[in-house]
file final13.txt (compact mmCIF, C-alpha atoms)
# COMPACT_ATOMS: atom_id res chain seq x y z
CA MET J 1 -22.00 17.78 -13.83
CA ARG J 2 -23.28 19.28 -10.58
CA VAL J 3 -24.13 15.82 -9.23
CA ARG J 4 -20.64 14.56 -10.03
CA THR J 5 -19.07 17.61 -8.42
CA PHE J 6 -21.12 17.02 -5.29
CA GLU J 7 -20.11 13.34 -5.14
CA LEU J 8 -16.42 14.11 -5.58
CA ARG J 9 -16.66 16.84 -2.95
CA LEU J 10 -18.15 14.30 -0.55
CA ILE J 11 -15.15 12.02 -1.08
CA ALA J 12 -12.79 14.93 -0.46
CA LEU J 13 -14.75 15.76 2.70
CA ALA J 14 -14.32 12.15 3.90
CA LEU J 15 -10.56 12.47 3.34
CA PHE J 16 -10.60 15.74 5.27
CA VAL J 17 -12.37 14.05 8.20
CA ALA J 18 -9.94 11.10 8.18
CA TRP J 19 -6.84 13.31 8.21
CA THR J 20 -8.40 15.54 10.88
CA ALA J 21 -9.00 12.46 13.05
CA THR J 22 -5.36 11.43 12.60
CA ALA J 23 -4.02 14.83 13.59
CA GLY J 24 -6.46 15.02 16.52
CA LEU J 25 -5.34 11.65 17.85
CA LEU J 26 -1.69 12.65 17.75
CA LEU J 27 -2.34 16.04 19.33
CA LEU J 28 -4.50 14.68 22.14
CA ALA J 29 -3.09 11.21 22.83
CA TYR J 30 0.49 11.04 21.54
CA HIS J 31 2.64 12.39 24.38
CA PRO J 32 5.71 10.16 24.80
CA GLY J 33 7.63 12.99 26.44
CA GLY J 34 9.72 14.20 23.50
CA PRO J 35 10.46 17.91 22.98
CA MET J 36 8.40 18.02 19.77
CA ASP J 37 5.28 16.05 20.77
CA VAL J 38 2.97 18.95 19.84
CA LEU J 39 4.81 19.62 16.59
CA VAL J 40 4.25 16.01 15.56
CA GLY J 41 0.51 16.52 15.88
CA LEU J 42 0.65 19.84 14.03
CA ALA J 43 2.72 18.32 11.22
CA ALA J 44 0.16 15.52 10.94
CA GLY J 45 -2.42 18.24 10.27
CA LEU J 46 -0.78 19.35 7.01
CA PRO J 47 -2.70 16.75 4.94
CA ILE J 48 -5.88 18.40 6.22
CA LEU J 49 -5.03 21.42 4.06
CA VAL J 50 -4.43 19.14 1.09
CA ALA J 51 -7.82 17.48 1.54
CA LEU J 52 -9.49 20.89 1.97
CA ALA J 53 -8.23 21.87 -1.48
CA GLY J 54 -10.14 18.87 -2.84
CA VAL J 55 -13.28 20.01 -1.03
CA ALA J 56 -12.98 23.50 -2.51
CA TRP J 57 -11.93 22.40 -6.00
CA PRO J 58 -12.89 18.75 -6.63
CA PRO J 59 -11.31 17.07 -9.67
CA VAL J 60 -14.39 17.14 -11.91
CA ALA J 61 -14.27 15.05 -15.09
CA ARG J 62 -16.75 14.96 -17.96
CA GLY J 63 -16.26 11.44 -19.26
CA ASP J 64 -17.78 8.45 -17.47
CA ARG J 65 -14.50 6.56 -17.43
CA ALA J 66 -12.51 9.51 -16.06
CA PHE J 67 -15.16 10.13 -13.40
CA ALA J 68 -15.05 6.47 -12.34
CA VAL J 69 -11.24 6.63 -12.06
CA LEU J 70 -11.46 9.68 -9.81
CA VAL J 71 -14.07 8.04 -7.58
CA TRP J 72 -11.95 4.92 -7.25
CA LEU J 73 -8.88 7.04 -6.48
CA GLY J 74 -10.68 8.67 -3.57
CA LEU J 75 -12.21 5.45 -2.29
CA LEU J 76 -8.94 3.49 -2.47
CA THR J 77 -7.21 6.29 -0.57
CA LEU J 78 -9.84 6.04 2.15
CA LEU J 79 -9.43 2.25 2.22
CA VAL J 80 -5.71 2.69 2.84
CA LEU J 81 -6.20 5.45 5.39
CA ALA J 82 -8.96 3.85 7.50
CA PRO J 83 -7.02 0.78 8.74
CA SER J 84 -3.95 2.95 9.36
CA ILE J 85 -6.03 5.15 11.66
CA GLY J 86 -7.42 2.03 13.35
CA GLY J 87 -3.90 0.76 13.94
CA LEU J 88 -2.90 4.12 15.39
CA ILE J 89 -5.86 4.04 17.79
CA GLU J 90 -4.95 0.52 18.94
CA GLN J 91 -1.33 1.57 19.41
CA LEU J 92 -2.25 4.56 21.56
CA LEU J 93 -4.89 2.75 23.62
CA ALA J 94 -2.70 -0.29 24.24
CA ARG J 95 0.27 1.78 25.39
CA GLY J 96 2.02 0.50 22.30
CA PRO J 97 5.28 1.65 20.73
CA GLN J 98 5.84 5.39 20.85
CA THR J 99 7.82 5.39 17.62
CA LEU J 100 5.45 6.46 14.84
CA LEU J 101 7.74 5.53 11.92
CA PRO J 102 9.87 2.60 13.10
CA SER J 103 10.39 1.26 9.57
CA VAL J 104 9.53 1.70 5.91
CA GLU J 105 6.82 -0.97 6.25
CA ALA J 106 5.07 1.09 8.92
CA ALA J 107 5.36 4.35 6.95
CA TYR J 108 4.31 3.30 3.44
CA PRO J 109 0.50 3.06 4.07
CA TRP J 110 0.54 6.66 5.30
CA LEU J 111 2.66 7.69 2.32
CA LEU J 112 0.25 5.99 -0.09
CA ALA J 113 -2.71 7.71 1.59
CA LEU J 114 -0.97 11.07 1.38
CA LEU J 115 -0.10 10.51 -2.29
CA GLY J 116 -3.69 9.52 -3.08
CA THR J 117 -5.06 12.59 -1.27
CA SER J 118 -2.55 14.86 -3.01
CA LEU J 119 -3.37 13.42 -6.43
CA PHE J 120 -7.11 13.76 -5.82
CA SER J 121 -6.75 17.40 -4.79
CA GLY J 122 -3.95 18.09 -7.29
CA LEU J 123 -6.15 17.18 -10.25
CA GLY J 124 -8.77 19.60 -8.94
CA LEU J 125 -6.17 22.38 -8.59
CA ALA J 126 -4.90 21.65 -12.10
CA ARG J 127 -8.41 22.03 -13.49
CA ARG J 128 -8.83 25.23 -11.51
CA SER J 129 -5.59 26.75 -12.83
CA LEU J 130 -5.85 25.56 -16.46
CA GLY J 131 -9.60 25.81 -16.86
CA GLY J 132 -12.16 23.14 -17.64
CA LEU J 133 -11.55 23.42 -21.38
CA ALA J 134 -7.82 22.61 -21.14
CA ILE J 135 -6.54 19.42 -22.72
CA ARG J 136 -7.03 16.51 -20.35
CA ARG J 137 -3.42 15.40 -20.73
CA ARG J 138 -2.15 18.81 -19.59
CA ARG J 139 -4.42 18.71 -16.53
CA LEU J 140 -3.26 15.20 -15.73
CA ILE J 141 0.43 16.14 -15.97
CA ARG J 142 0.01 19.26 -13.88
CA GLY J 143 -2.13 17.48 -11.30
CA THR J 144 0.43 14.70 -11.00
CA LEU J 145 3.27 17.21 -10.57
CA ILE J 146 1.31 19.00 -7.86
CA ALA J 147 0.65 15.69 -6.12
CA VAL J 148 4.31 14.64 -6.18
CA VAL J 149 5.53 18.02 -4.90
CA VAL J 150 2.91 18.18 -2.14
CA THR J 151 3.57 14.58 -1.07
CA LEU J 152 7.32 15.15 -0.89
CA LEU J 153 6.90 18.43 0.98
CA VAL J 154 4.29 17.28 3.53
CA GLY J 155 5.87 13.85 3.94
CA SER J 156 9.33 15.34 4.48
CA VAL J 157 8.09 17.83 7.06
CA PHE J 158 6.28 15.15 9.05
CA THR J 159 9.16 12.67 8.78
CA VAL J 160 11.71 15.24 9.97
CA VAL J 161 9.54 16.23 12.94
CA ALA J 162 8.54 12.65 13.91
CA VAL J 163 12.03 11.16 13.52
CA GLY J 164 13.59 14.17 15.26
CA ASN J 165 11.22 13.69 18.19
CA ASP J 166 12.06 9.97 18.32
CA LEU J 167 15.79 10.69 18.30
CA ALA J 168 15.40 13.27 21.04
CA LEU J 169 13.31 10.81 23.03
CA ARG J 170 15.95 8.12 22.56
CA ASP J 171 18.69 10.38 23.89
CA GLN J 172 16.55 11.75 26.71
CA PRO J 173 17.42 10.09 30.03
CA VAL J 174 14.57 8.06 31.51
CA ASN J 175 14.99 6.86 35.06
CA THR J 176 12.49 4.03 34.89
CA SER J 177 10.11 2.49 32.43
CA PRO J 178 7.47 -0.14 33.20
CA PHE J 179 8.39 -1.90 29.95
CA GLY J 180 12.05 -2.54 30.71
CA PRO J 181 15.56 -1.03 30.67
CA SER J 182 15.49 2.54 29.40
CA GLY J 183 19.16 3.11 28.59
CA ALA J 184 19.83 4.33 25.05
CA ASP J 185 23.33 2.85 24.87
CA LYS J 186 22.25 -0.76 24.31
CA GLU J 187 20.62 -2.44 21.33
CA PRO J 188 17.78 -4.98 21.79
CA PRO J 189 18.48 -8.53 20.61
CA VAL J 190 17.50 -9.45 17.05
CA CYS J 191 14.28 -11.32 16.36
CA ASP J 192 15.66 -14.86 16.31
CA ASP J 193 17.96 -14.50 19.34
CA PRO J 194 17.00 -16.43 22.49
CA LEU J 195 13.80 -14.96 23.93
CA ALA J 196 12.67 -15.17 27.54
CA ILE J 197 9.97 -13.88 29.84
CA GLY J 198 10.63 -12.03 33.07
CA ARG J 199 10.86 -13.89 36.36
CA THR J 200 7.85 -11.81 37.36
CA ALA J 201 5.51 -9.51 35.41
CA ARG J 202 2.38 -7.44 35.57
CA LEU J 203 0.14 -8.70 32.78
CA ASP J 204 -2.52 -7.05 30.63
CA LEU J 205 -4.34 -8.76 27.79
CA GLU J 206 -7.06 -7.37 25.53
CA LEU J 207 -9.04 -9.55 23.13
CA SER J 208 -11.72 -8.49 20.69
CA GLY J 209 -13.35 -9.79 17.55
CA ASP J 210 -15.96 -9.17 14.92
CA VAL J 211 -17.96 -11.10 12.35
CA ASP J 212 -18.85 -9.37 9.10
CA GLY J 213 -18.18 -6.05 10.79
CA HIS J 214 -20.38 -6.78 13.84
CA PRO J 215 -18.47 -6.86 17.17
CA LEU J 216 -18.33 -10.10 19.12
CA GLY J 217 -17.41 -8.26 22.32
CA SER J 218 -14.27 -7.81 24.37
CA VAL J 219 -12.18 -9.58 27.00
CA ASP J 220 -9.93 -7.51 29.30
CA VAL J 221 -7.50 -9.48 31.45
CA SER J 222 -5.17 -8.09 34.10
CA GLY J 223 -3.04 -9.83 36.71
CA VAL J 224 0.43 -10.71 37.92
CA ARG J 225 2.82 -13.62 37.56
CA SER J 226 5.73 -14.61 39.77
CA GLY J 227 7.65 -17.58 38.45
CA SER J 228 5.08 -20.29 37.78
CA ASP J 229 2.53 -18.71 40.14
CA PHE J 230 -0.03 -16.31 38.72
CA ARG J 231 -3.42 -14.78 39.27
CA TRP J 232 -5.56 -12.73 36.92
CA LEU J 233 -9.09 -11.42 36.50
CA ALA J 234 -10.94 -11.13 33.18
CA TYR J 235 -13.82 -8.76 32.50
CA VAL J 236 -15.79 -10.48 29.76
CA ALA J 237 -18.50 -8.77 27.72
CA THR J 238 -19.23 -10.88 24.65
CA ASN J 239 -22.21 -12.30 22.80
CA ALA J 240 -21.77 -15.55 24.72
CA GLN J 241 -20.54 -14.50 28.19
CA LEU J 242 -20.89 -11.59 30.57
CA GLY J 243 -19.18 -11.21 33.92
CA GLN J 244 -15.90 -11.50 35.78
CA PHE J 245 -13.79 -14.63 35.33
CA GLY J 246 -10.34 -15.51 36.58
CA ALA J 247 -7.63 -18.07 37.13
CA ALA J 248 -4.83 -18.58 39.66
CA ARG J 249 -2.07 -21.02 40.48
CA ILE J 250 -0.07 -20.78 43.70
CA ASP J 251 2.31 -23.37 45.11
CA GLY J 252 0.88 -26.14 42.95
CA SER J 253 -2.78 -25.41 43.81
CA ALA J 254 -5.13 -23.96 41.21
CA TRP J 255 -8.34 -21.92 41.28
CA ALA J 256 -10.86 -20.71 38.72
CA LEU J 257 -13.32 -17.84 39.08
CA ASP J 258 -16.80 -18.02 37.60
CA PRO J 259 -19.49 -15.34 38.19
CA ARG J 260 -21.96 -18.04 39.24
CA THR J 261 -19.80 -19.92 41.73
CA GLY J 262 -17.00 -17.55 42.74
CA TRP J 263 -13.46 -18.83 43.29
CA ARG J 264 -13.20 -22.61 43.50
CA LEU J 265 -10.38 -25.12 43.62
CA VAL J 266 -9.74 -26.91 40.30
CA PRO J 267 -7.19 -29.44 39.05
CA PRO J 268 -3.89 -27.72 38.15
CA ASP J 269 -4.16 -29.00 34.57
CA GLN J 270 -7.25 -26.85 34.06
CA VAL J 271 -5.22 -23.64 34.31
CA ALA J 272 -1.95 -24.94 32.89
CA ASP J 273 -2.21 -22.77 29.76
CA GLU J 274 -3.45 -19.60 31.51
CA THR J 275 -0.04 -18.04 32.23
CA ILE J 276 -0.58 -15.22 29.65
CA ASP J 277 2.97 -14.19 28.64
CA ALA J 278 4.52 -17.60 29.24
CA GLN J 279 1.75 -19.20 27.19
CA VAL J 280 2.29 -16.81 24.26
CA LEU J 281 6.01 -17.60 24.27
CA ALA J 282 5.45 -21.36 24.47
CA ALA J 283 2.67 -21.54 21.88
CA ALA J 284 3.65 -19.00 19.23
CA LEU J 285 7.22 -17.76 19.68
CA GLN J 286 9.39 -20.84 19.89
CA PRO J 287 12.81 -20.59 18.18
CA GLY J 288 11.61 -22.39 15.05
CA ALA J 289 8.82 -19.86 14.48
CA ARG J 290 11.12 -16.89 15.05
CA LEU J 291 13.72 -18.04 12.49
CA VAL J 292 11.61 -16.45 9.74
CA ALA J 293 10.53 -13.38 11.73
CA GLU J 294 10.32 -10.08 9.88
CA LEU J 295 12.29 -7.17 11.33
CA HIS J 296 10.32 -3.92 11.60
CA GLY J 297 12.83 -1.64 13.28
CA VAL J 298 13.30 -0.42 16.83
CA SER J 299 10.45 1.09 18.84
CA PHE J 300 10.18 2.93 22.15
CA PHE J 301 7.75 2.08 24.95
CA GLU J 302 7.79 4.90 27.50
CA GLY J 303 11.55 5.23 27.06
CA ALA J 304 12.33 1.50 26.79
CA ARG J 305 13.90 0.35 23.51
CA ALA J 306 12.50 -2.78 21.85
CA ARG J 307 13.06 -4.70 18.65
CA HIS J 308 9.84 -4.93 16.61
CA CYS J 309 9.44 -8.36 15.01
CA ARG J 310 6.61 -10.11 13.15
CA VAL J 311 5.74 -13.75 12.42
CA ALA J 312 2.92 -15.39 10.52
CA ILE J 313 0.36 -17.19 12.65
CA ASP J 314 -2.60 -19.50 12.04
CA GLY J 315 -5.86 -19.89 13.91
CA PRO J 316 -4.93 -22.91 16.07
CA THR J 317 -1.70 -21.22 17.16
CA PHE J 318 -3.62 -18.03 17.98
CA ARG J 319 -6.06 -20.04 20.12
CA ALA J 320 -3.20 -21.84 21.86
CA ALA J 321 -1.39 -18.57 22.57
CA PHE J 322 -4.56 -16.83 23.80
CA PRO J 323 -6.86 -19.54 25.19
CA GLN J 324 -9.13 -16.83 26.64
CA VAL J 325 -10.40 -16.34 23.08
CA HIS J 326 -12.95 -19.09 23.76
CA TRP J 327 -15.10 -16.42 25.45
CA LEU J 328 -15.40 -14.82 22.02
CA VAL J 329 -15.70 -17.76 19.62
CA GLY J 330 -16.39 -20.81 21.79
CA ASP J 331 -15.20 -24.02 20.17
CA ALA J 332 -15.34 -22.69 16.60
CA ASP J 333 -12.87 -24.26 14.20
CA LEU J 334 -10.05 -21.82 13.42
CA ALA J 335 -7.97 -24.27 11.40
CA HIS J 336 -8.12 -22.20 8.21
CA TRP J 337 -7.65 -18.79 9.83
CA ARG J 338 -4.46 -16.88 9.07
CA GLY J 339 -2.85 -13.71 10.40
CA GLN J 340 0.25 -12.23 11.96
CA LEU J 341 1.75 -11.72 15.38
CA ASP J 342 3.92 -8.70 16.20
CA TYR J 343 6.19 -8.99 19.22
CA TRP J 344 8.69 -6.66 20.85
CA VAL J 345 11.96 -7.85 22.39
CA PHE J 346 13.42 -5.43 24.91
CA VAL J 347 17.05 -4.72 25.80
CA ASP J 348 16.96 -7.33 28.56
CA GLY J 349 16.08 -10.01 25.97
CA GLU J 350 12.59 -10.43 27.40
CA LEU J 351 9.18 -10.43 25.78
CA GLY J 352 7.35 -7.27 26.79
CA SER J 353 4.57 -6.71 24.28
CA VAL J 354 2.61 -8.69 21.69
CA SER J 355 -0.09 -7.67 19.23
CA GLY J 356 -1.71 -9.98 16.70
CA SER J 357 -4.76 -10.81 14.66
CA VAL J 358 -6.19 -13.62 12.54
CA ASP J 359 -8.94 -13.71 9.93
CA GLY J 360 -11.00 -16.52 8.48
CA ASP J 361 -14.31 -18.20 7.74
CA ALA J 362 -16.81 -17.25 10.45
CA ALA J 363 -19.47 -19.84 9.64
CA GLY J 364 -18.54 -21.79 12.77
CA ILE J 365 -19.10 -18.73 14.93
CA LYS J 366 -22.41 -17.53 13.50
CA ASP J 367 -24.68 -19.22 10.98
CA GLY J 368 -24.47 -17.57 7.58
CA ALA J 369 -21.47 -15.42 8.52
CA LEU J 370 -18.64 -14.94 6.03
CA LEU J 371 -15.55 -13.33 7.56
CA GLY J 372 -14.38 -13.14 11.14
CA ARG J 373 -11.47 -11.36 12.75
CA LEU J 374 -9.84 -11.77 16.17
CA ASN J 375 -7.41 -9.31 17.76
CA ALA J 376 -5.12 -9.64 20.77
CA THR J 377 -2.77 -7.25 22.56
CA MET J 378 -0.65 -8.33 25.51
CA ASN J 379 1.74 -6.27 27.64
CA ALA J 380 4.09 -7.69 30.28
CA THR J 381 5.31 -4.73 32.32
CA GLU J 382 7.28 -4.24 35.54
CA ARG J 383 9.13 -7.45 34.77
CA ASP J 384 11.60 -8.91 37.26
CA ARG J 385 10.23 -6.78 40.06
CA GLY J 386 8.60 -7.93 43.24
CA HIS J 387 4.99 -9.03 42.65
CA ALA J 388 3.05 -10.90 45.29
CA VAL J 389 0.52 -13.42 44.01
CA VAL J 390 -2.30 -13.45 46.56
CA ARG J 391 -4.18 -16.67 47.21
CA PRO J 392 -7.91 -16.35 46.31
CA ALA J 393 -10.31 -16.16 49.21
CA GLY J 394 -12.83 -18.95 49.60
call {"tool": "encode", "arguments": {"input": "final13.txt", "output": "structure tokens"}}
result
Amino acid sequence: MRVRTFELRLIALALFVAWTATAGLLLLAYHPGGPMDVLVGLAAGLPILVALAGVAWPPVARGDRAFAVLVWLGLLTLLVLAPSIGGLIEQLLARGPQTLLPSVEAAYPWLLALLGTSLFSGLGLARRSLGGLAIRRRRLIRGTLIAVVVTLLVGSVFTVVAVGNDLALRDQPVNTSPFGPSGADKEPPVCDDPLAIGRTARLDLELSGDVDGHPLGSVDVSGVRSGSDFRWLAYVATNAQLGQFGAARIDGSAWALDPRTGWRLVPPDQVADETIDAQVLAAALQPGARLVAELHGVSFFEGARARHCRVAIDGPTFRAAFPQVHWLVGDADLAHWRGQLDYWVFVDGELGSVSGSVDGDAAGIKDGALLGRLNATMNATERDRGHAVVRPAG
């Protein structure tokens, strides 16, 4: 019994750490400028207390089957919570949407994790209050009631604070936003309305990947585009490449940057698909693809309102939209890879942010590998402003 208690306490401790990390991220990194930014982080800390109850009073069970159910309950809760925390980290690092709960689809993984944590701790509290000799059915009923009440209470408090902060942020006047118009009196277009890119834009693209949990590296691209002219630099640190690369097109002439040769003139066709935001729009977000887009609510990017949409995407489309991915996977066949692409349409009807991923068979990337994953995040900010594209030297 002591061994089982120790194992269940370890699971509760893992839940405590996960919820503490969530609250810490929101307290330290979530500062969109609303009047209740700090309260959002504090409200996110309420599940920490729930998990602590499980550490103090783990839901010990005598039978092998009941013990296995409790272990699986804790592990499944962690499996739901871990990717949600990863998504939150990506959102904060990528200057993503400031709205924490833009839709039911975005909120339900957190709700499931909270319910699982509450049930895990609630069964322990029920055993504590009724005693270990109480009928199992009574403990189960009481533990479930505790879980439901705690989930409704904690979930309601956080939802009220987070949504209240979002509403206050929406009504708060913002003079300028790098992501687009910041007025709260206009609604962004719907997902399948005509979509455009800005005449000019400052571009940022982040690519990463892993194979069987082992990172492939990262590609960080930044640059500017003005009409059909563009120039960007990429800092590549992958298993296959290391160094600074780049591409540019100005007045019909094209250049490519390689760490071994520096900037050199190349045929314009060589950089035809390197326009970053324009390439994403052309390759993955044509009207036909957006007809079946999922609507995931309205988000805020530093005061700018945007419609959150999602489409399914396959590997070849992902490669076409983000050709820089070749620094991660080379010429590997992505034909059977599948994933999704989230995009945000701002009030001006322009594409301002994209985030997507695909998964699939990684045998073509590394011998003996099973599963690979590729991630991409692109932001097009300061659109339709004056951006000079400087001709490369040399």
call {"tool": "closest_residue", "arguments": {"input": "final13.txt", "among": "J:Gly180, J:Gly86, J:Pro259, J:Gly315", "to": "Asp361 (chain J)", "atoms": "only C-alpha atoms"}}
result
J:Gly315
call {"tool": "residues_around", "arguments": {"input": "final13.txt", "residues": "region 234-238 of chain J", "least_positions_apart": "4", "cutoff": "9 Å", "atoms": "all atoms listed in the file", "output": "number ranges by chain"}}
result
J: 205, 208, 215-223, 242-247, 324, 327-328
call {"tool": "atom_distance", "arguments": {"input": "final13.txt", "atom1": "CA of Gly252 (chain J)", "atom2": "CA of Arg231 (chain J)"}}
result
12.7 Å
call {"tool": "closest_residue", "arguments": {"input": "final13.txt", "among": "J:Val161, J:Ile11, J:Ala107, J:Val55", "to": "Val38 (chain J)", "atoms": "only C-alpha atoms"}}
result
J:Val161
call {"tool": "closest_residue", "arguments": {"input": "final13.txt", "among": "J:Leu8, J:Val154, J:Ala254, J:Val345", "to": "Leu70 (chain J)", "atoms": "all atoms listed in the file"}}
result
J:Leu8
call {"tool": "residues_around", "arguments": {"input": "final13.txt", "residues": "Val190 (chain J)", "least_positions_apart": "6", "cutoff": "9 Å", "atoms": "all atoms listed in the file", "output": "list in words"}}
result
Leu295, Arg307, His308, Cys309 and Val345 of chain J
call {"tool": "closest_residue", "arguments": {"input": "final13.txt", "among": "J:Leu195, J:Ala66, J:Val60, J:Leu81", "to": "Trp19 (chain J)", "atoms": "all atoms listed in the file"}}
result
J:Leu81
call {"tool": "closest_residue", "arguments": {"input": "final13.txt", "among": "J:Ala51, J:Ala369, J:Leu203, J:Val3", "to": "Val17 (chain J)", "atoms": "only C-alpha atoms"}}
result
J:Ala51
call {"tool": "atom_distance", "arguments": {"input": "final13.txt", "atom1": "CA of Trp337 (chain J)", "atom2": "CA of Arg319 (chain J)"}}
result
10.5 Å
call {"tool": "atom_distance", "arguments": {"input": "final13.txt", "atom1": "CA of Phe322 (chain J)", "atom2": "CA of Gly349 (chain J)"}}
result
21.8 Å
call {"tool": "build_atoms", "arguments": {"input": "final13.txt", "residues": "region 310-328 of chain J", "atoms": "N, CA and C atoms", "output": "PDB file, keeping the file's coordinate frame"}}
result
ATOM      1  N   ARG J 310       7.924  -9.613  13.582  1.00  0.00           N
ATOM      2  CA  ARG J 310       6.610 -10.110  13.150  1.00  0.00           C
ATOM      3  C   ARG J 310       6.752 -11.526  12.588  1.00  0.00           C
ATOM      4  N   VAL J 311       5.803 -12.389  12.958  1.00  0.00           N
ATOM      5  CA  VAL J 311       5.740 -13.750  12.420  1.00  0.00           C
ATOM      6  C   VAL J 311       4.326 -14.027  11.923  1.00  0.00           C
ATOM      7  N   ALA J 312       4.231 -14.932  10.976  1.00  0.00           N
ATOM      8  CA  ALA J 312       2.920 -15.390  10.520  1.00  0.00           C
ATOM      9  C   ALA J 312       2.342 -16.340  11.565  1.00  0.00           C
ATOM     10  N   ILE J 313       1.011 -16.367  11.641  1.00  0.00           N
ATOM     11  CA  ILE J 313       0.360 -17.190  12.650  1.00  0.00           C
ATOM     12  C   ILE J 313      -0.937 -17.738  12.066  1.00  0.00           C
ATOM     13  N   ASP J 314      -1.324 -18.941  12.482  1.00  0.00           N
ATOM     14  CA  ASP J 314      -2.600 -19.500  12.040  1.00  0.00           C
ATOM     15  C   ASP J 314      -3.581 -19.527  13.209  1.00  0.00           C
ATOM     16  N   GLY J 315      -4.813 -19.904  12.900  1.00  0.00           N
ATOM     17  CA  GLY J 315      -5.860 -19.890  13.910  1.00  0.00           C
ATOM     18  C   GLY J 315      -5.586 -20.780  15.110  1.00  0.00           C
ATOM     19  N   PRO J 316      -5.206 -22.055  14.912  1.00  0.00           N
ATOM     20  CA  PRO J 316      -4.930 -22.910  16.070  1.00  0.00           C
ATOM     21  C   PRO J 316      -3.810 -22.370  16.958  1.00  0.00           C
ATOM     22  N   THR J 317      -2.781 -21.783  16.353  1.00  0.00           N
ATOM     23  CA  THR J 317      -1.700 -21.220  17.160  1.00  0.00           C
ATOM     24  C   THR J 317      -2.199 -20.000  17.928  1.00  0.00           C
ATOM     25  N   PHE J 318      -3.043 -19.190  17.293  1.00  0.00           N
ATOM     26  CA  PHE J 318      -3.620 -18.030  17.980  1.00  0.00           C
ATOM     27  C   PHE J 318      -4.442 -18.482  19.180  1.00  0.00           C
ATOM     28  N   ARG J 319      -5.250 -19.535  19.012  1.00  0.00           N
ATOM     29  CA  ARG J 319      -6.060 -20.040  20.120  1.00  0.00           C
ATOM     30  C   ARG J 319      -5.177 -20.604  21.225  1.00  0.00           C
ATOM     31  N   ALA J 320      -4.098 -21.288  20.846  1.00  0.00           N
ATOM     32  CA  ALA J 320      -3.200 -21.840  21.860  1.00  0.00           C
ATOM     33  C   ALA J 320      -2.472 -20.735  22.624  1.00  0.00           C
ATOM     34  N   ALA J 321      -2.099 -19.658  21.916  1.00  0.00           N
ATOM     35  CA  ALA J 321      -1.390 -18.570  22.570  1.00  0.00           C
ATOM     36  C   ALA J 321      -2.316 -17.748  23.466  1.00  0.00           C
ATOM     37  N   PHE J 322      -3.582 -17.620  23.046  1.00  0.00           N
ATOM     38  CA  PHE J 322      -4.560 -16.830  23.800  1.00  0.00           C
ATOM     39  C   PHE J 322      -5.800 -17.681  24.050  1.00  0.00           C
ATOM     40  N   PRO J 323      -5.719 -18.641  24.967  1.00  0.00           N
ATOM     41  CA  PRO J 323      -6.860 -19.540  25.190  1.00  0.00           C
ATOM     42  C   PRO J 323      -8.109 -18.799  25.674  1.00  0.00           C
ATOM     43  N   GLN J 324      -7.968 -17.601  26.193  1.00  0.00           N
ATOM     44  CA  GLN J 324      -9.130 -16.830  26.640  1.00  0.00           C
ATOM     45  C   GLN J 324     -10.042 -16.442  25.482  1.00  0.00           C
ATOM     46  N   VAL J 325      -9.588 -16.681  24.249  1.00  0.00           N
ATOM     47  CA  VAL J 325     -10.400 -16.340  23.080  1.00  0.00           C
ATOM     48  C   VAL J 325     -11.674 -17.181  23.016  1.00  0.00           C
ATOM     49  N   HIS J 326     -11.743 -18.253  23.804  1.00  0.00           N
ATOM     50  CA  HIS J 326     -12.950 -19.090  23.760  1.00  0.00           C
ATOM     51  C   HIS J 326     -14.172 -18.316  24.252  1.00  0.00           C
ATOM     52  N   TRP J 327     -13.957 -17.239  25.032  1.00  0.00           N
ATOM     53  CA  TRP J 327     -15.100 -16.420  25.450  1.00  0.00           C
ATOM     54  C   TRP J 327     -15.677 -15.634  24.270  1.00  0.00           C
ATOM     55  N   LEU J 328     -14.921 -15.518  23.207  1.00  0.00           N
ATOM     56  CA  LEU J 328     -15.400 -14.820  22.020  1.00  0.00           C
ATOM     57  C   LEU J 328     -15.979 -15.759  20.976  1.00  0.00           C
TER      58      LEU J 328
END
